[in-house]
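Trainee: Structure incoming, see below.
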Amino acid sequence: MEHNSDRKAFEACIVEIVQCLAGLCDTEIGIHTDLNQIASLSDQEESQILGYEVAPTPQHFQFDCDLVPIEAAYLKHKEYDHYVARVGVRIHLPSQIENILRAQFSSSLMDQVDYALTGHSDLEFEMVYDGLLVCFLTTGFDNFTVDGMTDTMLRHSYAQIVQDLDPVMPWLKFARFLSQQHYNREQMENIQKRLPSILDNALQNKGIADAHVFTLCELSGSFDPALRLFKKRYGDLFADISG
């Protein structure tokens with residue numbers, strides 16, 4: 001039971017990381033289907049995914065995912081122009097986060113297995129045009145289940161990974177908050193450009209100040225304290241915004 005609870009905490013952490021990064025990068029995943037086939041689907045029938053694309057790809061850090069074949073994959077009509085799909089995914093994260101996972105990726109049962117964060121997610125898609133279905137990951141990626149290989153390689157360290165990721169989580173949530181404000185494309189590009197150094201700083205300087213500030217954010221229900229800290233530390237980014 002302890003393993004299951006630790007795994008679920010890890011999976012929830014990955015979901016939040018993906019949502020935050022997707023919000024910052026405005027990431028969407030599109031799947032290509034046979035328009036004629038899905039137009040004739042009943043509620044119980046399934047269709048085939050012919051291809052996929054993930055966009056946009058950030059320029060200043062790694063973040064995307066690949067669709068991988070799984071036996072339980074499906075694509076079904078839900079209602080109107082909405083469809084649900086279970087897809088296998090391999091998730092690529094910024095190096096600061098991925099290094100934490102790589103450091104724990106090992107098993108006494110298997111040698112020389114290449115690192116990969118793989119599993120499946122149940123996503124909801126909306127038909128855009130000509131058989132292209134789109135899911136916006138910042139809201140649509142709300143679940144993730146590791147596959148057997150990832151579980152084998154990480155099961156001994158789920159709790160440790162969640163603990164090691166703890167310093168970066170408030171900053172990722174803050175980045176998602178910033179992505180929801182009315183900033184222009186150049187400002188968002190600047191945040192993306194600075195994100196690696198922000199994550200590095202959070203991991204290398206686990207000072208009480210940041211923890212205290214984000215505790216204030218939780219208590220106040222507002223990111224204003226973090227915004228003031230952010231402006232003080234990275235003032236050149238948002239010299240013209242209030243907060």
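Chain lettering (A, B, ...) mirrors the order of the structure tokens, residue numbering begins at 1 for each chain separately, and ligand numbering begins at 1 in order of display.
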When DSSP is applied to the backbone of this structure, which of stretch 9-232 of chain A are assigned strand (DSSP E)? Write them out as number ranges by chain.
Mentor: A: 28-33, 49-55, 64-68, 74-79, 82-92, 118-129, 132-136, 145-146
Trainee: Let's have the selection written as a tab-separated table (two decimals), in the first residue's frame, with C-alpha atoms.
Mentor:
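So the final result, stored in out-v1.tsv, reads:
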chain	number	residue	atom	x	y	z
A	28	GLU	CA	-1.04	21.46	-27.20
A	29	ILE	CA	-1.04	17.94	-28.54
A	30	GLY	CA	-2.82	17.20	-31.79
A	31	ILE	CA	-3.74	13.78	-33.12
A	32	HIS	CA	-4.60	13.06	-36.73
A	33	THR	CA	-7.47	10.72	-37.49
A	49	ILE	CA	-4.90	7.52	-34.29
A	50	LEU	CA	-2.94	8.00	-37.51
A	51	GLY	CA	-0.34	10.50	-36.29
A	52	TYR	CA	0.36	13.21	-33.73
A	53	GLU	CA	2.14	16.50	-33.16
A	54	VAL	CA	3.12	18.47	-30.05
A	55	ALA	CA	3.58	22.22	-30.38
A	64	ASP	CA	7.55	17.80	-25.07
A	65	CYS	CA	6.18	14.29	-25.29
A	66	ASP	CA	6.05	11.41	-27.73
A	67	LEU	CA	3.09	9.13	-28.25
A	68	VAL	CA	4.10	5.51	-27.82
A	74	TYR	CA	-8.27	3.98	-27.79
A	75	LEU	CA	-10.04	6.96	-29.33
A	76	LYS	CA	-13.78	7.31	-28.74
A	77	HIS	CA	-16.44	9.90	-29.41
A	78	LYS	CA	-17.72	11.64	-26.26
A	79	GLU	CA	-20.19	14.32	-27.33
A	82	HIS	CA	-15.28	16.16	-28.24
A	83	TYR	CA	-13.44	12.84	-28.10
A	84	VAL	CA	-11.59	10.93	-25.40
A	85	ALA	CA	-8.39	8.98	-25.96
A	86	ARG	CA	-6.08	6.86	-23.89
A	87	VAL	CA	-2.59	7.42	-25.24
A	88	GLY	CA	0.82	6.12	-24.31
A	89	VAL	CA	3.28	8.96	-23.67
A	90	ARG	CA	7.00	9.44	-23.17
A	91	ILE	CA	7.50	12.76	-21.39
A	92	HIS	CA	10.61	14.93	-21.82
A	118	THR	CA	6.68	6.60	-19.88
A	119	GLY	CA	3.08	5.72	-19.09
A	120	HIS	CA	-0.40	6.57	-20.29
A	121	SER	CA	-2.89	9.39	-19.93
A	122	ASP	CA	-6.62	9.70	-20.62
A	123	LEU	CA	-7.10	12.95	-22.53
A	124	GLU	CA	-10.05	14.84	-23.94
A	125	PHE	CA	-9.71	16.26	-27.44
A	126	GLU	CA	-11.75	18.68	-29.50
A	127	MET	CA	-12.14	18.43	-33.25
A	128	VAL	CA	-10.49	21.43	-34.89
A	129	TYR	CA	-10.62	20.64	-38.60
A	132	LEU	CA	-7.26	16.98	-36.38
A	133	LEU	CA	-8.14	16.67	-32.69
A	134	VAL	CA	-6.43	18.98	-30.18
A	135	CYS	CA	-5.90	18.83	-26.41
A	136	PHE	CA	-4.48	21.80	-24.49
A	145	THR	CA	-0.09	6.49	-14.87
A	146	VAL	CA	3.45	5.13	-15.14
Trainee: Contacts of A:Glu11 at 12 Å or less, counting only C-alpha atoms, minus same-chain residues fewer than 6 places along, as number ranges by chain?
Mentor: A: 4-5, 17-18, 117-121, 141-147, 150-151, 154-155, 158-159, 161-162
Trainee: Take the residues that were just selected and, keeping C-alpha atoms, output them as a tab-separated table (two decimals), in the first residue's frame.
Mentor:
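Dumped everything to result08.tsv:
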chain	number	residue	atom	x	y	z
A	4	ASN	CA	0.91	2.67	-4.30
A	5	SER	CA	0.52	5.89	-2.32
A	17	ILE	CA	4.76	19.78	-13.73
A	18	VAL	CA	3.35	19.09	-17.20
A	117	LEU	CA	9.49	8.54	-18.25
A	118	THR	CA	6.68	6.60	-19.88
A	119	GLY	CA	3.08	5.72	-19.09
A	120	HIS	CA	-0.40	6.57	-20.29
A	121	SER	CA	-2.89	9.39	-19.93
A	141	PHE	CA	-3.40	16.68	-18.95
A	142	ASP	CA	-5.04	15.88	-15.61
A	143	ASN	CA	-3.91	12.27	-15.11
A	144	PHE	CA	-0.85	10.12	-15.70
A	145	THR	CA	-0.09	6.49	-14.87
A	146	VAL	CA	3.45	5.13	-15.14
A	147	ASP	CA	3.97	1.97	-17.15
A	150	THR	CA	9.09	3.13	-15.33
A	151	ASP	CA	7.54	1.67	-12.19
A	154	LEU	CA	11.62	4.20	-9.98
A	155	ARG	CA	9.46	2.35	-7.46
A	158	TYR	CA	9.08	7.77	-5.59
A	159	ALA	CA	8.96	9.48	-2.20
A	161	ILE	CA	11.89	12.13	-6.03
A	162	VAL	CA	8.82	14.03	-4.83
Trainee: Between A:Cys20, A:Leu195, A:Met188, A:Val15, which residue has the minimum interatomic distance to A:Lys173, considering only C-alpha atoms?
Mentor: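 Ranking A:Cys20, A:Leu195, A:Met188, A:Val15 by distance to A:Lys173, first place goes to A:Cys20.
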Trainee: How far is it from atom CA of A:Leu101 to atom CA of A:Lys193, in Å with one decimal?
Mentor: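 Atom-to-atom, atom CA of A:Leu101 and atom CA of A:Lys193 are spaced 22.5 Å apart.
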Trainee: With the cut-off set at 12 Å and counting only C-alpha atoms, tabulate each residue of stretch 190-218 of chain A with an atom at most that distance from an atom of stretch 176-182 of chain A, showing the nearest atom pair and its distance in Å to one decimal, ordered by chain and increasing number, as CSV.
Mentor:
residue,atom,partner,partner_atom,distance
A:Asn190,CA,A:Ser179,CA,11.5
A:Ile191,CA,A:Leu178,CA,8.7
A:Gln192,CA,A:Ser179,CA,10.1
A:Leu195,CA,A:Arg176,CA,11.5
A:Cys217,CA,A:Phe177,CA,11.8
Trainee: Step one, run DSSP on the backbone; step two, keep only residues of stretch 18-128 of chain A assigned to helix (DSSP H, G or I); then write them as a ChimeraX atom specification.
Mentor: /A:18-25,35-39,95-104
Trainee: With N, CA and C atoms retained, write the just-selected residues as a PDB file, in the first residue's frame.
Mentor:
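Now in selection.pdb:
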ATOM      1  N   VAL A  18       3.746  18.986 -15.792  1.00  0.00           N
ATOM      2  CA  VAL A  18       3.349  19.092 -17.200  1.00  0.00           C
ATOM      3  C   VAL A  18       2.344  20.218 -17.388  1.00  0.00           C
ATOM      4  N   GLN A  19       1.362  20.326 -16.497  1.00  0.00           N
ATOM      5  CA  GLN A  19       0.371  21.394 -16.609  1.00  0.00           C
ATOM      6  C   GLN A  19       1.024  22.771 -16.529  1.00  0.00           C
ATOM      7  N   CYS A  20       1.955  22.932 -15.593  1.00  0.00           N
ATOM      8  CA  CYS A  20       2.613  24.227 -15.411  1.00  0.00           C
ATOM      9  C   CYS A  20       3.455  24.593 -16.625  1.00  0.00           C
ATOM     10  N   LEU A  21       4.252  23.651 -17.112  1.00  0.00           N
ATOM     11  CA  LEU A  21       5.090  23.920 -18.280  1.00  0.00           C
ATOM     12  C   LEU A  21       4.238  24.151 -19.519  1.00  0.00           C
ATOM     13  N   ALA A  22       3.155  23.392 -19.650  1.00  0.00           N
ATOM     14  CA  ALA A  22       2.265  23.563 -20.798  1.00  0.00           C
ATOM     15  C   ALA A  22       1.602  24.932 -20.765  1.00  0.00           C
ATOM     16  N   GLY A  23       1.269  25.415 -19.558  1.00  0.00           N
ATOM     17  CA  GLY A  23       0.703  26.753 -19.450  1.00  0.00           C
ATOM     18  C   GLY A  23       1.699  27.814 -19.862  1.00  0.00           C
ATOM     19  N   LEU A  24       2.937  27.651 -19.428  1.00  0.00           N
ATOM     20  CA  LEU A  24       3.983  28.613 -19.764  1.00  0.00           C
ATOM     21  C   LEU A  24       4.278  28.619 -21.259  1.00  0.00           C
ATOM     22  N   CYS A  25       4.219  27.439 -21.882  1.00  0.00           N
ATOM     23  CA  CYS A  25       4.587  27.310 -23.298  1.00  0.00           C
ATOM     24  C   CYS A  25       3.381  27.258 -24.231  1.00  0.00           C
ATOM     25  N   LEU A  35     -11.051  11.284 -40.881  1.00  0.00           N
ATOM     26  CA  LEU A  35     -12.255  12.079 -40.673  1.00  0.00           C
ATOM     27  C   LEU A  35     -13.518  11.292 -40.990  1.00  0.00           C
ATOM     28  N   ASN A  36     -13.498  10.521 -42.054  1.00  0.00           N
ATOM     29  CA  ASN A  36     -14.684   9.745 -42.427  1.00  0.00           C
ATOM     30  C   ASN A  36     -14.980   8.665 -41.398  1.00  0.00           C
ATOM     31  N   GLN A  37     -13.909   8.058 -40.858  1.00  0.00           N
ATOM     32  CA  GLN A  37     -14.107   6.988 -39.889  1.00  0.00           C
ATOM     33  C   GLN A  37     -14.703   7.519 -38.589  1.00  0.00           C
ATOM     34  N   ILE A  38     -14.149   8.605 -38.056  1.00  0.00           N
ATOM     35  CA  ILE A  38     -14.652   9.081 -36.769  1.00  0.00           C
ATOM     36  C   ILE A  38     -16.018   9.744 -36.910  1.00  0.00           C
ATOM     37  N   ALA A  39     -16.349  10.211 -38.117  1.00  0.00           N
ATOM     38  CA  ALA A  39     -17.668  10.812 -38.319  1.00  0.00           C
ATOM     39  C   ALA A  39     -18.780   9.785 -38.164  1.00  0.00           C
ATOM     40  N   SER A  95      16.026  19.777 -18.073  1.00  0.00           N
ATOM     41  CA  SER A  95      17.133  18.982 -17.539  1.00  0.00           C
ATOM     42  C   SER A  95      17.204  19.031 -16.020  1.00  0.00           C
ATOM     43  N   GLN A  96      16.843  20.167 -15.415  1.00  0.00           N
ATOM     44  CA  GLN A  96      16.906  20.279 -13.957  1.00  0.00           C
ATOM     45  C   GLN A  96      15.979  19.258 -13.292  1.00  0.00           C
ATOM     46  N   ILE A  97      14.837  19.005 -13.915  1.00  0.00           N
ATOM     47  CA  ILE A  97      13.884  18.029 -13.388  1.00  0.00           C
ATOM     48  C   ILE A  97      14.275  16.622 -13.811  1.00  0.00           C
ATOM     49  N   GLU A  98      14.655  16.485 -15.066  1.00  0.00           N
ATOM     50  CA  GLU A  98      14.987  15.159 -15.575  1.00  0.00           C
ATOM     51  C   GLU A  98      16.209  14.578 -14.870  1.00  0.00           C
ATOM     52  N   ASN A  99      17.150  15.422 -14.489  1.00  0.00           N
ATOM     53  CA  ASN A  99      18.335  14.921 -13.784  1.00  0.00           C
ATOM     54  C   ASN A  99      17.969  14.281 -12.449  1.00  0.00           C
ATOM     55  N   ILE A 100      16.945  14.822 -11.789  1.00  0.00           N
ATOM     56  CA  ILE A 100      16.482  14.235 -10.531  1.00  0.00           C
ATOM     57  C   ILE A 100      15.919  12.842 -10.779  1.00  0.00           C
ATOM     58  N   LEU A 101      15.166  12.687 -11.862  1.00  0.00           N
ATOM     59  CA  LEU A 101      14.595  11.384 -12.189  1.00  0.00           C
ATOM     60  C   LEU A 101      15.685  10.408 -12.626  1.00  0.00           C
ATOM     61  N   ARG A 102      16.611  10.880 -13.448  1.00  0.00           N
ATOM     62  CA  ARG A 102      17.687  10.012 -13.928  1.00  0.00           C
ATOM     63  C   ARG A 102      18.529   9.472 -12.774  1.00  0.00           C
ATOM     64  N   ALA A 103      18.748  10.304 -11.767  1.00  0.00           N
ATOM     65  CA  ALA A 103      19.591   9.897 -10.640  1.00  0.00           C
ATOM     66  C   ALA A 103      18.994   8.720  -9.877  1.00  0.00           C
ATOM     67  N   GLN A 104      17.679   8.547  -9.972  1.00  0.00           N
ATOM     68  CA  GLN A 104      17.000   7.467  -9.245  1.00  0.00           C
ATOM     69  C   GLN A 104      16.582   6.319 -10.161  1.00  0.00           C
TER      70      GLN A 104
END
Trainee: Suppose you want the space between atom CA of A:Ala72 and atom CA of A:Gln48; what is it in Å?
Mentor: 12.2 Å
Trainee: Choose the residue, out of A:His3, A:Ala175, A:Gln163, A:Glu16, that has the smallest atom-to-atom separation from A:Ala226; count only C-alpha atoms.
Mentor: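 Under the stated criterion, the closest residue is A:Ala175.
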Trainee: Write out as a list in words which residues come within 10 Å of A:Thr152 when counting only C-alpha atoms, dropping same-chain ones fewer than 3 positions away.
Mentor: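 That gives Phe105, Ser106, Ser107, Ser108, Leu109, Met110, Val146, Asp147, Gly148, Met149, Arg155 and His156 of chain A.
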Trainee: One number please: atom CA of A:His212 to atom CA of A:Leu229, in Å, one decimal.
Mentor: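 A separation of 11.0 Å between them.
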Trainee: Closest to A:Asp166 among A:Asp210, A:Phe63, A:Leu93, A:Ser222, using only C-alpha atoms?
Mentor: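 Counting only C-alpha atoms, the residue closest to A:Asp166 is A:Asp210.
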Trainee: Neighbours of A:Val213 within 12 Å (only C-alpha atoms; same-chain residues fewer than 4 positions away dropped), as a PyMOL selection string?
Mentor: chain A and resi 170-171+174+207-209+217-230
